[in-house]
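Q: File entry_26.pdb follows (PDB, C-alpha atoms and all ligand atoms):
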```
MODEL        1
ATOM      1  CA  MET A   4      83.631 -86.136-150.215
ATOM      2  CA  THR A   5      84.039 -84.596-146.778
ATOM      3  CA  PHE A   6      82.116 -81.682-145.354
ATOM      4  CA  THR A   7      83.649 -79.380-142.815
ATOM      5  CA  ASP A   8      81.533 -77.171-140.629
ATOM      6  CA  LEU A   9      83.759 -74.277-139.663
ATOM      7  CA  SER A  10      83.127 -72.919-136.218
ATOM      8  CA  ALA A  11      82.386 -69.238-135.887
ATOM      9  CA  VAL A  12      85.895 -68.565-134.624
ATOM     10  CA  GLN A  13      87.498 -70.360-137.560
ATOM     11  CA  ARG A  14      85.300 -68.496-139.984
ATOM     12  CA  LEU A  15      86.221 -65.223-138.334
ATOM     13  CA  ARG A  16      89.933 -66.023-138.699
ATOM     14  CA  PHE A  17      89.346 -66.909-142.332
ATOM     15  CA  PHE A  18      87.697 -63.559-142.921
ATOM     16  CA  THR A  19      90.462 -61.724-141.081
ATOM     17  CA  ASN A  20      93.158 -63.389-143.143
ATOM     18  CA  ILE A  21      91.571 -63.447-146.565
ATOM     19  CA  GLU A  22      89.629 -60.250-147.107
ATOM     20  CA  PHE A  23      89.849 -56.783-145.670
ATOM     21  CA  PRO A  24      92.009 -57.515-142.606
ATOM     22  CA  VAL A  25      91.142 -54.098-141.140
ATOM     23  CA  ILE A  26      87.424 -54.902-141.160
ATOM     24  CA  GLY A  27      88.184 -58.392-139.860
ATOM     25  CA  LYS A  28      90.079 -56.935-136.889
ATOM     26  CA  ARG A  29      87.209 -54.628-136.046
ATOM     27  CA  LEU A  30      84.737 -57.479-136.291
ATOM     28  CA  GLU A  31      86.955 -59.542-134.003
ATOM     29  CA  ARG A  32      86.847 -56.803-131.372
ATOM     30  CA  ILE A  33      83.107 -56.406-131.386
ATOM     31  CA  PHE A  34      82.271 -60.017-132.056
ATOM     32  CA  TRP A  35      80.571 -62.061-129.419
ATOM     33  CA  LEU A  36      79.896 -65.775-129.540
ATOM     34  CA  HIS A  37      76.334 -66.686-128.674
ATOM     35  CA  GLY A  38      77.633 -69.822-126.970
ATOM     36  CA  THR A  39      79.110 -67.666-124.231
ATOM     37  CA  ARG A  40      75.771 -66.056-123.543
ATOM     38  CA  LYS A  41      73.616 -67.775-120.995
ATOM     39  CA  SER A  42      70.388 -66.210-122.127
ATOM     40  CA  ARG A  43      68.466 -66.980-125.300
ATOM     41  CA  GLU A  44      66.556 -63.746-125.012
ATOM     42  CA  VAL A  45      67.249 -61.138-127.653
ATOM     43  CA  ASP A  46      67.266 -57.435-127.032
ATOM     44  CA  LEU A  47      65.033 -56.465-129.931
ATOM     45  CA  PRO A  48      62.770 -53.570-128.960
ATOM     46  CA  ILE A  49      59.813 -53.366-131.320
ATOM     47  CA  GLY A  50      57.476 -50.384-131.135
ATOM     48  CA  GLN A  51      53.689 -50.492-131.503
ATOM     49  CA  ASP A  52      53.831 -48.792-134.923
ATOM     50  CA  THR A  53      56.280 -51.394-136.176
ATOM     51  CA  MET A  54      54.114 -54.245-134.855
ATOM     52  CA  LEU A  55      51.174 -52.802-136.780
ATOM     53  CA  LEU A  56      53.268 -52.453-139.923
ATOM     54  CA  VAL A  57      54.554 -56.040-139.657
ATOM     55  CA  SER A  58      50.951 -57.298-139.361
ATOM     56  CA  GLN A  59      50.055 -55.360-142.522
ATOM     57  CA  LEU A  60      53.085 -56.733-144.393
ATOM     58  CA  LEU A  61      52.149 -60.228-143.312
ATOM     59  CA  LYS A  62      48.584 -59.736-144.571
ATOM     60  CA  LYS A  63      49.831 -58.493-147.966
ATOM     61  CA  SER A  64      52.104 -61.526-148.350
ATOM     62  CA  HIS A  65      49.258 -63.908-147.514
ATOM     63  CA  GLN A  66      46.904 -62.105-149.918
ATOM     64  CA  HIS A  67      49.414 -62.316-152.791
ATOM     65  CA  PRO A  68      51.416 -65.510-152.274
ATOM     66  CA  LEU A  69      54.420 -65.794-154.562
ATOM     67  CA  GLU A  70      54.422 -68.836-156.877
ATOM     68  CA  LEU A  71      57.122 -69.890-159.343
ATOM     69  CA  GLU A  72      54.716 -70.801-162.153
ATOM     70  CA  THR A  73      52.540 -67.705-161.990
ATOM     71  CA  ALA A  74      55.085 -65.074-160.925
ATOM     72  CA  LEU A  75      56.169 -64.322-164.501
ATOM     73  CA  PRO A  76      54.912 -64.816-168.086
ATOM     74  CA  TRP A  77      57.534 -67.523-168.658
ATOM     75  CA  ASN A  78      56.338 -68.422-172.168
ATOM     76  CA  MET A  79      57.496 -64.971-173.282
ATOM     77  CA  GLY A  80      61.078 -66.330-173.262
ATOM     78  CA  VAL A  81      64.230 -64.214-173.263
ATOM     79  CA  ASP A  82      65.578 -62.368-176.309
ATOM     80  CA  ARG A  83      69.363 -62.181-175.991
ATOM     81  CA  GLU A  84      69.461 -59.885-179.042
ATOM     82  CA  MET A  85      67.817 -57.222-176.887
ATOM     83  CA  LEU A  86      69.540 -55.369-174.069
ATOM     84  CA  PRO A  87      68.872 -56.539-170.490
ATOM     85  CA  LYS A  88      69.772 -53.087-169.084
ATOM     86  CA  ARG A  89      70.412 -49.555-170.301
ATOM     87  CA  LEU A  90      73.795 -49.174-171.991
ATOM     88  CA  ASP A  91      74.607 -46.038-169.995
ATOM     89  CA  GLN A  92      74.469 -48.181-166.841
ATOM     90  CA  LEU A  93      77.233 -50.548-167.922
ATOM     91  CA  TRP A  94      80.101 -50.779-165.447
ATOM     92  CA  LEU A  95      82.612 -49.453-167.999
ATOM     93  CA  TYR A  96      80.395 -46.630-169.288
ATOM     94  CA  GLY A  97      82.092 -43.242-169.076
ATOM     95  CA  THR A  98      85.601 -44.732-169.334
ATOM     96  CA  THR A  99      87.863 -45.305-172.354
ATOM     97  CA  PHE A 100      87.343 -49.071-171.888
ATOM     98  CA  PHE A 101      83.713 -48.671-172.930
ATOM     99  CA  GLU A 102      84.682 -46.873-176.142
ATOM    100  CA  ALA A 103      86.874 -49.864-177.074
ATOM    101  CA  LEU A 104      83.895 -52.276-177.062
ATOM    102  CA  SER A 105      81.969 -53.062-180.263
ATOM    103  CA  SER A 106      78.160 -53.020-180.109
ATOM    104  CA  ASP A 107      78.055 -56.855-179.967
ATOM    105  CA  GLU A 108      80.565 -56.808-177.116
ATOM    106  CA  ARG A 109      78.503 -54.213-175.251
ATOM    107  CA  LEU A 110      75.422 -56.416-175.586
ATOM    108  CA  GLU A 111      77.316 -59.474-174.281
ATOM    109  CA  THR A 112      78.759 -57.404-171.431
ATOM    110  CA  ALA A 113      75.301 -56.153-170.482
ATOM    111  CA  TRP A 114      73.980 -59.738-170.177
ATOM    112  CA  LEU A 115      76.972 -60.784-168.099
ATOM    113  CA  GLU A 116      76.487 -57.838-165.751
ATOM    114  CA  THR A 117      72.881 -58.949-165.324
ATOM    115  CA  ALA A 118      74.173 -62.476-164.605
ATOM    116  CA  ARG A 119      76.391 -61.045-161.839
ATOM    117  CA  ASP A 120      73.456 -59.207-160.254
ATOM    118  CA  ILE A 121      71.296 -62.322-160.369
ATOM    119  CA  SER A 122      74.138 -64.447-158.918
ATOM    120  CA  LEU A 123      74.400 -61.972-156.069
ATOM    121  CA  LEU A 124      70.649 -62.081-155.451
ATOM    122  CA  ILE A 125      70.638 -65.894-155.499
ATOM    123  CA  GLN A 126      73.475 -65.982-152.997
ATOM    124  CA  LEU A 127      71.703 -63.469-150.766
ATOM    125  CA  LYS A 128      68.437 -65.379-150.991
ATOM    126  CA  ARG A 129      70.208 -68.555-149.962
ATOM    127  CA  THR A 130      71.586 -66.806-146.889
ATOM    128  CA  VAL A 131      68.426 -65.138-145.644
ATOM    129  CA  PRO A 132      66.177 -68.199-145.015
ATOM    130  CA  SER A 133      68.695 -70.106-142.877
ATOM    131  CA  LEU A 134      69.675 -66.913-141.059
ATOM    132  CA  PHE A 135      66.077 -65.912-140.257
ATOM    133  CA  VAL A 136      64.944 -69.394-139.298
ATOM    134  CA  GLY A 137      68.099 -69.603-137.170
ATOM    135  CA  TYR A 138      66.927 -66.495-135.278
ATOM    136  CA  LEU A 139      63.578 -68.173-134.679
ATOM    137  CA  ASN A 140      65.252 -71.250-133.243
ATOM    138  CA  LYS A 141      67.479 -69.163-131.019
ATOM    139  CA  PHE A 142      65.074 -66.465-129.901
ATOM    140  CA  SER A 143      61.581 -67.740-130.614
ATOM    141  CA  ASN A 144      60.321 -67.191-127.077
ATOM    142  CA  SER A 145      61.250 -63.540-127.065
ATOM    143  CA  LEU A 146      59.930 -62.546-130.495
ATOM    144  CA  PRO A 147      56.424 -61.133-130.963
ATOM    145  CA  SER A 148      54.151 -63.478-132.884
ATOM    146  CA  SER A 149      53.784 -61.250-135.989
ATOM    147  CA  VAL A 150      57.568 -60.790-136.235
ATOM    148  CA  HIS A 151      58.052 -64.536-135.819
ATOM    149  CA  ASP A 152      55.605 -65.206-138.671
ATOM    150  CA  TYR A 153      56.962 -62.483-140.905
ATOM    151  CA  LEU A 154      60.483 -63.917-140.603
ATOM    152  CA  LEU A 155      59.042 -67.220-141.863
ATOM    153  CA  VAL A 156      57.115 -65.589-144.721
ATOM    154  CA  HIS A 157      60.156 -63.506-145.631
ATOM    155  CA  ALA A 158      62.303 -66.691-145.727
ATOM    156  CA  LEU A 159      59.699 -68.444-147.865
ATOM    157  CA  GLU A 160      59.538 -65.558-150.348
ATOM    158  CA  GLU A 161      63.326 -65.556-150.654
ATOM    159  CA  ILE A 162      63.296 -69.290-151.456
ATOM    160  CA  THR A 163      60.609 -68.848-154.123
ATOM    161  CA  GLN A 164      62.523 -65.929-155.617
ATOM    162  CA  THR A 165      65.655 -68.092-155.736
ATOM    163  CA  LEU A 166      63.699 -70.601-157.825
ATOM    164  CA  ILE A 167      62.423 -67.770-160.059
ATOM    165  CA  PHE A 168      65.925 -66.403-160.677
ATOM    166  CA  ARG A 169      67.326 -69.902-161.236
ATOM    167  CA  ARG A 170      64.712 -70.598-163.894
ATOM    168  CA  PHE A 171      65.447 -67.249-165.527
ATOM    169  CA  THR A 172      69.214 -67.941-165.712
ATOM    170  CA  GLN A 173      68.468 -71.304-167.353
ATOM    171  CA  ILE A 174      66.140 -69.748-169.930
ATOM    172  CA  ALA A 175      68.566 -66.894-170.660
ATOM    173  CA  ASN A 176      71.572 -69.239-170.524
ATOM    174  CA  LEU A 177      73.499 -67.030-168.123
ATOM    175  CA  PRO A 178      76.579 -68.087-166.118
ATOM    176  CA  TYR A 179      76.709 -68.075-162.323
ATOM    177  CA  PHE A 180      79.293 -65.743-160.813
ATOM    178  CA  GLN A 181      81.323 -67.372-158.054
ATOM    179  CA  ARG A 182      83.474 -64.569-156.685
ATOM    180  CA  LEU A 183      81.071 -62.227-155.017
ATOM    181  CA  PRO A 184      82.057 -59.082-153.120
ATOM    182  CA  ALA A 185      83.221 -59.334-149.497
ATOM    183  CA  TYR A 186      79.766 -60.658-148.808
ATOM    184  CA  THR A 187      80.439 -64.387-148.392
ATOM    185  CA  GLN A 188      82.799 -64.059-145.480
ATOM    186  CA  THR A 189      80.837 -61.283-143.801
ATOM    187  CA  SER A 190      77.532 -63.118-143.963
ATOM    188  CA  ALA A 191      79.111 -66.229-142.418
ATOM    189  CA  LEU A 192      79.389 -64.218-139.200
ATOM    190  CA  PHE A 193      75.800 -62.987-139.074
ATOM    191  CA  PRO A 194      74.319 -65.953-137.169
ATOM    192  CA  GLU A 195      76.690 -65.258-134.273
ATOM    193  CA  MET A 196      75.857 -61.580-133.965
ATOM    194  CA  HIS A 197      72.897 -59.466-132.947
ATOM    195  CA  PRO A 198      69.953 -60.112-135.366
ATOM    196  CA  CYS A 199      70.016 -56.468-136.489
ATOM    197  CA  VAL A 200      73.525 -56.980-137.881
ATOM    198  CA  GLY A 201      72.208 -59.798-140.095
ATOM    199  CA  LEU A 202      69.074 -57.803-140.960
ATOM    200  CA  LEU A 203      71.075 -54.755-142.018
ATOM    201  CA  GLY A 204      73.789 -56.763-143.790
ATOM    202  CA  THR A 205      71.257 -58.571-145.942
ATOM    203  CA  LEU A 206      69.134 -55.425-146.353
ATOM    204  CA  ILE A 207      72.002 -53.366-147.801
ATOM    205  CA  ILE A 208      73.003 -55.863-150.505
ATOM    206  CA  GLY A 209      69.404 -56.606-151.503
ATOM    207  CA  TRP A 210      68.462 -52.920-151.526
ATOM    208  CA  MET A 211      71.493 -51.967-153.644
ATOM    209  CA  VAL A 212      70.988 -54.693-156.255
ATOM    210  CA  ASP A 213      67.241 -54.034-156.408
ATOM    211  CA  SER A 214      67.671 -50.241-156.780
ATOM    212  CA  GLY A 215      70.404 -50.689-159.405
ATOM    213  CA  ALA A 216      68.343 -53.191-161.407
ATOM    214  CA  MET A 217      65.185 -51.078-161.294
ATOM    215  CA  TYR A 218      67.115 -47.997-162.386
ATOM    216  CA  ALA A 219      68.683 -49.873-165.325
ATOM    217  CA  THR A 220      65.856 -52.060-166.610
ATOM    218  CA  GLN A 221      62.514 -50.246-166.448
ATOM    219  CA  ALA A 222      62.893 -48.590-169.847
ATOM    220  CA  SER A 223      61.835 -49.220-173.440
ATOM    221  CA  GLY A 224      64.129 -51.385-175.557
ATOM    222  CA  ILE A 225      64.887 -53.762-172.669
ATOM    223  CA  ASP A 226      64.169 -57.493-172.996
ATOM    224  CA  PRO A 227      60.581 -57.756-171.626
ATOM    225  CA  LEU A 228      61.102 -60.800-169.371
ATOM    226  CA  THR A 229      64.208 -59.195-167.822
ATOM    227  CA  ARG A 230      62.196 -56.048-167.177
ATOM    228  CA  GLU A 231      59.402 -58.122-165.636
ATOM    229  CA  ILE A 232      61.602 -60.251-163.362
ATOM    230  CA  PHE A 233      63.182 -57.214-161.725
ATOM    231  CA  LYS A 234      59.823 -55.457-161.426
ATOM    232  CA  GLN A 235      58.340 -58.541-159.802
ATOM    233  CA  HIS A 236      61.332 -58.877-157.468
ATOM    234  CA  HIS A 237      60.986 -55.204-156.501
ATOM    235  CA  SER A 238      57.303 -55.571-155.590
ATOM    236  CA  VAL A 239      58.243 -58.121-152.902
ATOM    237  CA  LYS A 240      61.533 -56.485-151.996
ATOM    238  CA  ILE A 241      59.887 -53.217-150.936
ATOM    239  CA  ARG A 242      58.070 -55.147-148.174
ATOM    240  CA  HIS A 243      61.315 -56.811-147.049
ATOM    241  CA  ILE A 244      63.088 -53.441-147.032
ATOM    242  CA  GLU A 245      60.301 -51.844-145.008
ATOM    243  CA  PHE A 246      60.399 -54.645-142.438
ATOM    244  CA  SER A 247      64.172 -54.578-141.901
ATOM    245  CA  ARG A 248      64.312 -50.794-141.873
ATOM    246  CA  ARG A 249      61.708 -50.487-139.151
ATOM    247  CA  ILE A 250      63.237 -53.175-136.935
ATOM    248  CA  ILE A 251      66.653 -51.494-137.247
ATOM    249  CA  GLU A 252      65.207 -48.028-136.562
ATOM    250  CA  ASP A 253      63.598 -49.317-133.364
ATOM    251  CA  TYR A 254      66.831 -51.031-132.344
ATOM    252  CA  LEU A 255      68.983 -47.931-132.909
ATOM    253  CA  GLY A 256      66.424 -45.766-131.146
ATOM    254  CA  ASN A 257      66.588 -47.909-128.012
ATOM    255  CA  ALA A 258      70.080 -49.441-127.831
ATOM    256  CA  SER A 259      72.683 -48.119-125.399
ATOM    257  CA  ILE A 260      75.262 -45.649-126.712
ATOM    258  CA  ARG A 261      77.904 -48.400-126.595
ATOM    259  CA  GLU A 262      75.764 -50.876-128.558
ATOM    260  CA  ARG A 263      74.871 -48.249-131.154
ATOM    261  CA  HIS A 264      78.513 -47.329-131.544
ATOM    262  CA  LYS A 265      79.582 -50.968-131.995
ATOM    263  CA  PHE A 266      76.812 -51.552-134.536
ATOM    264  CA  ARG A 267      77.655 -48.451-136.580
ATOM    265  CA  GLU A 268      81.384 -49.208-136.495
ATOM    266  CA  ILE A 269      80.858 -52.439-138.453
ATOM    267  CA  PHE A 270      78.824 -50.886-141.206
ATOM    268  CA  ARG A 271      80.672 -47.600-141.626
ATOM    269  CA  HIS A 272      83.631 -49.630-142.855
ATOM    270  CA  VAL A 273      81.813 -52.329-144.781
ATOM    271  CA  ILE A 274      79.325 -50.160-146.758
ATOM    272  CA  PRO A 275      81.912 -48.201-148.829
ATOM    273  CA  GLU A 276      83.665 -51.481-149.719
ATOM    274  CA  ILE A 277      80.421 -53.107-150.854
ATOM    275  CA  LEU A 278      79.490 -50.027-152.910
ATOM    276  CA  LYS A 279      82.830 -50.061-154.670
ATOM    277  CA  SER A 280      82.868 -53.786-155.353
ATOM    278  CA  LEU A 281      79.363 -53.640-156.870
ATOM    279  CA  ARG A 282      80.533 -51.142-159.489
ATOM    280  CA  PHE A 283      82.770 -53.692-161.179
ATOM    281  CA  ASP A 284      83.325 -57.433-160.809
ATOM    282  CA  PRO A 285      86.627 -58.638-162.358
ATOM    283  CA  GLU A 286      85.171 -62.143-162.772
ATOM    284  CA  ILE A 287      83.372 -60.856-165.889
ATOM    285  CA  ALA A 288      86.648 -61.276-167.854
ATOM    286  CA  GLN A 289      86.377 -65.052-167.322
ATOM    287  CA  HIS A 290      82.961 -65.215-168.998
ATOM    288  CA  THR A 291      83.336 -63.040-172.112
ATOM    289  CA  SER A 292      83.822 -64.613-175.557
ATOM    290  CA  PHE A 293      86.304 -61.802-176.387
ATOM    291  CA  PRO A 294      89.353 -60.455-174.510
ATOM    292  CA  PHE A 295      87.799 -58.133-171.923
ATOM    293  CA  PRO A 296      89.509 -54.702-171.807
ATOM    294  CA  VAL A 297      89.821 -54.738-168.009
ATOM    295  CA  SER A 298      91.949 -57.670-166.979
ATOM    296  CA  GLY A 299      90.957 -59.499-163.803
ATOM    297  CA  ASN A 300      94.362 -58.979-162.228
ATOM    298  CA  HIS A 301      95.026 -55.392-163.259
ATOM    299  CA  ALA A 302      94.324 -53.576-160.009
ATOM    300  CA  ALA A 303      94.838 -50.053-161.397
ATOM    301  CA  SER A 304      92.262 -50.527-164.203
ATOM    302  CA  ILE A 305      89.754 -52.052-161.803
ATOM    303  CA  GLU A 306      90.214 -49.149-159.397
ATOM    304  CA  ALA A 307      89.836 -46.640-162.275
ATOM    305  CA  VAL A 308      86.488 -48.191-163.261
ATOM    306  CA  ARG A 309      85.237 -48.416-159.682
ATOM    307  CA  THR A 310      86.088 -44.798-158.929
ATOM    308  CA  SER A 311      85.078 -43.283-162.287
ATOM    309  CA  VAL A 312      83.066 -40.069-162.101
ATOM    310  CA  HIS A 313      80.237 -41.748-163.998
ATOM    311  CA  SER A 314      79.889 -44.667-161.564
ATOM    312  CA  GLN A 315      79.939 -42.327-158.566
ATOM    313  CA  LEU A 316      77.261 -40.106-160.089
ATOM    314  CA  LEU A 317      75.232 -43.171-161.021
ATOM    315  CA  ASP A 318      75.362 -44.445-157.431
ATOM    316  CA  GLU A 319      74.230 -41.058-156.158
ATOM    317  CA  GLU A 320      71.154 -41.285-158.364
ATOM    318  CA  ARG A 321      70.162 -44.941-158.137
ATOM    319  CA  PHE A 322      70.914 -45.387-154.425
ATOM    320  CA  LYS A 323      69.538 -42.014-153.345
ATOM    321  CA  SER A 324      66.775 -43.241-151.036
ATOM    322  CA  MET A 325      68.972 -45.961-149.491
ATOM    323  CA  MET A 326      71.855 -43.540-148.895
ATOM    324  CA  ASN A 327      69.491 -40.992-147.333
ATOM    325  CA  TRP A 328      68.243 -43.611-144.906
ATOM    326  CA  LEU A 329      71.760 -44.882-144.092
ATOM    327  CA  TRP A 330      72.813 -41.292-143.489
ATOM    328  CA  LYS A 331      69.816 -40.685-141.224
ATOM    329  CA  MET A 332      70.700 -43.826-139.267
ATOM    330  CA  GLU A 333      74.322 -42.553-139.034
ATOM    331  CA  LEU A 334      75.564 -45.681-140.782
ATOM    332  CA  ILE A 335      77.658 -43.843-143.375
TER
HETATM  333 FE    FE B   1      64.098 -59.834-150.107
ENDMDL
END
```
Could you quickly redo this structure as structure tokens?
A:
Amino acid sequence: MTFTDLSAVQRLRFFTNIEFPVIGKRLERIFWLHGTRKSREVDLPIGQDTMLLVSQLLKKSHQHPLELETALPWNMGVDREMLPKRLDQLWLYGTTFFEALSSDERLETAWLETARDISLLIQLKRTVPSLFVGYLNKFSNSLPSSVHDYLLVHALEEITQTLIFRRFTQIANLPYFQRLPAYTQTSALFPEMHPCVGLLGTLIIGWMVDSGAMYATQASGIDPLTREIFKQHHSVKIRHIEFSRRIIEDYLGNASIRERHKFREIFRHVIPEILKSLRFDPEIAQHTSFPFPVSGNHAASIEAVRTSVHSQLLDEERFKSMMNWLWKMELI
């Protein structure tokens, strides 16, 4: 077996050719290779308030270290006869495709949608540690000590959460989704860009999946271990969100007009695509035991589901606080 390490430029070309060529072109324009930069200093202005907050976050993580064995009541097991999320949060809900599903098919669909969310979280959590530790190796001399340590703790928590979600998928016997939204190619570019691009890119996906899962699972009638795993994930995620948000706020408050413009240009185009792709993943049709009503290659049906009134209203509700912040930061 051979392993090929694609250079940043090759990866960028891959992204440009394969997915969203328009976004790829924009990225190409604003992209800079760190190899061409002489300095290993990073322009990451961090205010006093943020430094204080990071110290507090660090303290909380040390006081409540995350452990695989004790994070969840594992002996509770998973009951696949129960729903893992509210039925009115299913991707097809509010469309005629949903009406065509029997109650058994709705239950199976609900578990597969949960499997997609967990696959996305696992993929994200595999990206974050190498990305953050990569920043430390590149910029360690210019990062404040508490930020340096919090990046390490953050990376460690993501690794432990990956183990937690992996154990859960084994217990619940859930498949791993391979085709994940635009994220794979985009995240491959993060190490070459300003750290705030990587921080915001990973923040958005994690925040969306966490908000969606909390909105759909914290109700009666939901499998208890599923409810617990997302609640547990959320309790750590709120610290990660707070950290990234504050670093990005400080960056946008201090960067030059040109830098701010370049930064916002990337995300204004990527965010709507990510939002849409999260509303429906065509790979689900490959995992169902019955013919799924939305075929993986029927673009019009997929578009109808992704733009349904119900899914847009649902996003407005479950992503309210994230969208308000993105709007305040002029990122949407
Ligand atoms: Fe996180």
Q: Write out as an MDAnalysis selection string each polymer residue (protein, DNA or RNA) that has an atom no more than 12 Å from ligand FE 1 (chain B), with only C-alpha atoms and all ligand atoms counted.
A: chainID A and resid 124:132 135 153:154 156:165 202:213 233 235:247
Q: Between A:Leu75, A:Val308, A:Ile260, A:Ile250, which is the closest to A:Asp52 once you count only C-alpha atoms?
A: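 Of A:Leu75, A:Val308, A:Ile260, A:Ile250, the one nearest A:Asp52 is A:Ile250, counting only C-alpha atoms.
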Q: Carefully work through the PyMOL selection byres (((chain A and resi 229) around 9) and not hetatm) for this structure and note down the residues it includes, as a PyMOL selection string.
A: chain A and resi 81+87-88+171+220+225-228+230-234
Q: Choose the residue, out of A:Ile274, A:Ala307, A:Ile121, A:Val136, that has the smallest atom-to-atom separation from A:Met326; count only C-alpha atoms.
A: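 Answer, going by the shortest atom-to-atom distance: A:Ile274.
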Q: Could you name the residues that touch A:Ile305 at 12 Å or less, counting all atoms listed in the file, but leaving out those on the same chain fewer than 3 positions away, as a PyMOL selection string?
A: chain A and resi 94-95+98+100+279-288+295-302+308-311
Q: Apply the PyMOL selection byres (((chain A and resi 138) around 10) and not hetatm) to the displayed file and report the matching residues as a list in words.
A: Val45, Pro132, Ser133, Leu134, Phe135, Val136, Gly137, Leu139, Asn140, Lys141, Phe142, Ser143, Leu146, His151, Leu154, Pro194, Glu195, His197, Pro198 and Gly201 of chain A
Q: Can you translate the PyMOL selection byres (((chain A and resi 176-179) around 9) and not hetatm) into the concrete residues it hits in this file, as a PDB file with C-alpha atoms, in the coordinates of the input?
A:
```
ATOM      1  CA  TRP A 114      73.980 -59.738-170.177  1.00  0.00           C
ATOM      2  CA  LEU A 115      76.972 -60.784-168.099  1.00  0.00           C
ATOM      3  CA  THR A 117      72.881 -58.949-165.324  1.00  0.00           C
ATOM      4  CA  ALA A 118      74.173 -62.476-164.605  1.00  0.00           C
ATOM      5  CA  ARG A 119      76.391 -61.045-161.839  1.00  0.00           C
ATOM      6  CA  ILE A 121      71.296 -62.322-160.369  1.00  0.00           C
ATOM      7  CA  SER A 122      74.138 -64.447-158.918  1.00  0.00           C
ATOM      8  CA  PHE A 171      65.447 -67.249-165.527  1.00  0.00           C
ATOM      9  CA  THR A 172      69.214 -67.941-165.712  1.00  0.00           C
ATOM     10  CA  GLN A 173      68.468 -71.304-167.353  1.00  0.00           C
ATOM     11  CA  ILE A 174      66.140 -69.748-169.930  1.00  0.00           C
ATOM     12  CA  ALA A 175      68.566 -66.894-170.660  1.00  0.00           C
ATOM     13  CA  PHE A 180      79.293 -65.743-160.813  1.00  0.00           C
ATOM     14  CA  GLN A 181      81.323 -67.372-158.054  1.00  0.00           C
ATOM     15  CA  HIS A 290      82.961 -65.215-168.998  1.00  0.00           C
TER      16      HIS A 290
END
```
Q: Rank A:Leu334, A:Ser324, A:Met79, A:Gln289 by their smallest atom-to-atom distance to A:His272, using only C-alpha atoms, and report the top residue only.
A: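 Counting only C-alpha atoms, the residue closest to A:His272 is A:Leu334.
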Q: I need the residue nearest A:Ser223 from this list: A:Leu278, A:Met85, A:Arg182, A:His65. Use all atoms listed in the file for the distance.
A: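 Nearest candidate to A:Ser223 out of A:Leu278, A:Met85, A:Arg182, A:His65: A:Met85.
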Q: Taking only C-alpha atoms into account, name the residue in A:Phe101, A:Ser214, A:Lys63, A:Ile335 that is nearest to A:Pro275.
A: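 Nearest candidate to A:Pro275 out of A:Phe101, A:Ser214, A:Lys63, A:Ile335: A:Ile335.
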Q: Would you mind reading off the distance between atom CA of A:Tyr254 and atom CA of A:Pro48, one decimal, in Å?
A: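 The value is 5.9 Å.
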Q: Quote the spacing between atom CA of A:Val200 and atom CA of A:Ile251 in Å to one decimal place.
A: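 Result for atom CA of A:Val200 versus atom CA of A:Ile251: 8.8 Å, one decimal.
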Q: Which of these residues is nearest to A:Tyr218, using only C-alpha atoms: A:Glu262, A:Glu268, A:Glu102, A:Asp91?
A: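 Ranking A:Glu262, A:Glu268, A:Glu102, A:Asp91 by distance to A:Tyr218, first place goes to A:Asp91.
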Q: How many Å lie between atom CA of A:Leu90 and atom CA of A:Val312, rounded to one decimal?
A: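 One can read the atom CA of A:Leu90 to atom CA of A:Val312 distance as 16.3 Å.
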Q: Give me the residues within 8 Å of A:Ser149 as a list in words, counting all atoms listed in the file and dropping any in the same chain fewer than 6 places off.
A: Met54, Val57, Ser58 and Leu61 of chain A
